[in-house]
Amino acid sequence: MDRLFVRKLSGDEGQVVLLASSATPRLGRKSIPVPDASFASGCCESPDMTSKHAPVLIIGSGPAGYTAAIYAARAMLKPMLVAGLQQGGQLVITTDVENYPGFADPIQGPWLMEQMLKQAEHVGTDVINDIITEVDLNVRPFRAKGDSGTTYTADALIIATGAQAKWLGIPSEQTFMGFGVSACATCDGFFYRGKDVAVIGGGNSAVEEALYLSNLAKSVTVIHRRSDFRAERILSERLFKKDNVRVIWDTVVDEITGQSGKTPLPPSVEGLKLRNVVTGQEMHLTVDGVFVAIGHAPAVELFAGKLKQKPNGYLWTAPDSTCTDVPGVFAAGDVTDDIYRQAVTAAGLGCMAALEAEKYLAGIEVHREAAE
């Protein structure tokens with residue numbers, strides 16, 4: 001999600017605004033400016049602009065953001081959460097969720113996010129429907145500008161903007177998304193036990209997804225637009241040894257075919273229309289499920305050049321922490337997690353971010369008292 005929504009804000013000078021994201025940064029060793037309520041020039045400055053302040057500001061509303069809000073609210077930090085463009089994150093486009101602890105039967109992704117939202121509000125989070133368009137991390141308190149024109153300030157910031165899977169971009173992909181088309185084998189592979197599936201891609205992600213699915217599915221067909229994998233050699237060799245895996249080279253997907261769905265039956269995938277990019281030859285492949293594995297893109301546009309990033313673009317956080325390289329700014333969830341990318345791990349990082357934000361704010365208060 002590139003931008004974020006905000007719902008309500010409180011105006012206490014001592015509050016911290018939480019920016020919800022998938023990544024949680026760790027505190028660095030930079031000097032911590034004394035919080036200043038005045039507005040400096042730059043981001044968010046406007047005499048006609050409404051200003052909202054909270055001790056913690058969270059940007060993002062997926063499992064990481066909501067969990068951070070729940071923990072921050074229960075710590076009496078009066079968090080403010082700006083929900084963003086896709087409230088609920090990637091789970092709102094996920095149908096059956098079977099690997100989130102606490103539920104004996106499969107649950108719906110949108111329902112799970114609705115419950116997290118209600119829990120966050122119940123414990124005292126101000127959830128605001130707005131989209132953050134600018135952030136200023138050089139001033140204290142931190143400032144964020146919303147698409148609504150509102151300026152949000154906070155003593156601590158939690159970024160939980162998440163990441164988005166990269167998709168093929170063909171119209172039929174949207175028709176079957178969540179109903180046979182997935183970007184997460186770990187999440188949805190279980191539903192394709194004993195069935196025929198296809199994996200689209202040729203990097204490490206695609207090969208790893210295919211390896212995982214080979215232990216569940218009847219057959220796995222990897223479709224790659226090039227004549228060789230970009231994945232690590234050891235992974236490729238491991239895949240080639242699988243008896244139920246085959247690779248179709250130099251080929252792209254033109255269309256995903258199936259039943260579009262009529263009440264009460266949901267859409268269902270039946271196959272793929274493929275095209276060889278060298279010969280132009282077309283073919284049809286019968287499959288029950290399609291896993292798109294062409295990478296993920298973290299929602300970090302707001303923070304480019306302002307926070308340290310990993311070589312792959314994800315926000316950097318200190319080891320075993322959600323602290324970024326800017327003191328008081330934390331990252332949690334898929335915006336920083338480039339390995340696991342699971343709802344439950346995002347929630348765990350959100351918990352860590354809130355606890356570290358609480359500790360950071362307590363340290364600021366000690367400095368204030370000492371200064372007085």
# chains A, B, ... in the order shown; residues from 1 in each chain; ligands from 1
call {"tool": "residues_around", "arguments": {"residues": "Asp338 in chain A", "least_positions_apart": "2", "cutoff": "10 Å", "atoms": "only C-alpha atoms", "output": "list in words"}}
result
Ser22, Ala23, Ala163, His296, Ala297, Pro298, Lys310, Asn312, Gly313, Tyr314, Leu315, Gly333, Asp334, Val335, Thr336, Tyr340 and Arg341 of chain A
call {"tool": "residues_around", "arguments": {"residues": "range 261-267 of chain A", "least_positions_apart": "5", "cutoff": "12 Å", "atoms": "only C-alpha atoms", "output": "mmCIF file with N, CA and C atoms, in the first residue's frame"}}
result
data_model
loop_
_atom_site.group_PDB
_atom_site.id
_atom_site.type_symbol
_atom_site.label_atom_id
_atom_site.label_comp_id
_atom_site.auth_asym_id
_atom_site.auth_seq_id
_atom_site.Cartn_x
_atom_site.Cartn_y
_atom_site.Cartn_z
ATOM 1 N N THR A 95 -9.278 -15.093 0.809
ATOM 2 C CA THR A 95 -10.528 -15.745 1.203
ATOM 3 C C THR A 95 -10.288 -16.614 2.440
ATOM 4 N N SER A 172 -7.933 -11.184 -16.425
ATOM 5 C CA SER A 172 -8.497 -12.382 -15.807
ATOM 6 C C SER A 172 -7.903 -12.678 -14.440
ATOM 7 N N GLU A 173 -6.747 -12.112 -14.168
ATOM 8 C CA GLU A 173 -6.104 -12.319 -12.874
ATOM 9 C C GLU A 173 -6.970 -11.780 -11.749
ATOM 10 N N GLN A 174 -7.568 -10.616 -11.959
ATOM 11 C CA GLN A 174 -8.427 -10.011 -10.950
ATOM 12 C C GLN A 174 -9.684 -10.838 -10.716
ATOM 13 N N THR A 175 -10.202 -11.456 -11.762
ATOM 14 C CA THR A 175 -11.426 -12.249 -11.649
ATOM 15 C C THR A 175 -11.259 -13.403 -10.667
ATOM 16 N N PHE A 176 -10.087 -14.046 -10.690
ATOM 17 C CA PHE A 176 -9.879 -15.249 -9.887
ATOM 18 C C PHE A 176 -8.987 -15.025 -8.668
ATOM 19 N N MET A 177 -8.621 -13.774 -8.381
ATOM 20 C CA MET A 177 -7.764 -13.513 -7.230
ATOM 21 C C MET A 177 -8.469 -13.935 -5.942
ATOM 22 N N GLY A 178 -7.833 -14.831 -5.203
ATOM 23 C CA GLY A 178 -8.447 -15.360 -3.992
ATOM 24 C C GLY A 178 -9.350 -16.551 -4.258
ATOM 25 N N PHE A 179 -9.544 -16.885 -5.524
ATOM 26 C CA PHE A 179 -10.393 -18.015 -5.912
ATOM 27 C C PHE A 179 -9.662 -18.898 -6.926
ATOM 28 N N GLY A 180 -8.411 -19.206 -6.601
ATOM 29 C CA GLY A 180 -7.602 -20.009 -7.506
ATOM 30 C C GLY A 180 -6.331 -19.329 -7.926
ATOM 31 N N VAL A 181 -6.250 -18.033 -7.716
ATOM 32 C CA VAL A 181 -5.029 -17.270 -7.987
ATOM 33 C C VAL A 181 -4.498 -16.729 -6.666
ATOM 34 N N ILE A 256 -6.006 -16.391 -17.729
ATOM 35 C CA ILE A 256 -6.385 -17.421 -16.765
ATOM 36 C C ILE A 256 -7.837 -17.765 -17.050
ATOM 37 N N ASP A 288 -5.662 -26.397 -11.464
ATOM 38 C CA ASP A 288 -6.687 -26.031 -10.478
ATOM 39 C C ASP A 288 -6.338 -24.749 -9.724
ATOM 40 N N GLY A 289 -5.046 -24.410 -9.715
ATOM 41 C CA GLY A 289 -4.616 -23.222 -8.988
ATOM 42 C C GLY A 289 -3.397 -22.596 -9.634
#
call {"tool": "select_by_dssp", "arguments": {"residues": "range 96-293 of chain A", "states": "helix (DSSP H, G or I)", "output": "VMD selection string"}}
result
chain A and resid 109 to 122 171 to 176 185 to 192 204 to 214 233 to 240
call {"tool": "closest_residue", "arguments": {"among": "A:Val127, A:Val292, A:Trp167, A:Arg238", "to": "Ile200 in chain A", "atoms": "only C-alpha atoms"}}
result
A:Val292
call {"tool": "select_by_dssp", "arguments": {"residues": "range 112-300 of chain A", "states": "strand (DSSP E)", "output": "PyMOL selection string"}}
result
chain A and resi 126-128+132-136+142-146+151-159+163-165+181-182+196-200+219-223+245-248+251-259+268-276+282-286+289-292+296-298
call {"tool": "atom_distance", "arguments": {"atom1": "CA of Arg230 in chain A", "atom2": "CA of Val245 in chain A"}}
result
17.4 Å
call {"tool": "closest_residue", "arguments": {"among": "A:Leu168, A:Val220, A:Leu235, A:Val197", "to": "Val253 in chain A", "atoms": "only C-alpha atoms"}}
result
A:Leu168
call {"tool": "closest_residue", "arguments": {"among": "A:Ile131, A:Leu57, A:Ile170, A:Cys184", "to": "Arg143 in chain A", "atoms": "only C-alpha atoms"}}
result
A:Leu57
call {"tool": "residues_around", "arguments": {"residues": "Ala354 in chain A", "least_positions_apart": "3", "cutoff": "8 Å", "atoms": "only C-alpha atoms", "output": "list in words"}}
result
Ala68, Ala69, Tyr71, Ala72, Ile158, Gly350, Cys351, Ala357 and Glu358 of chain A
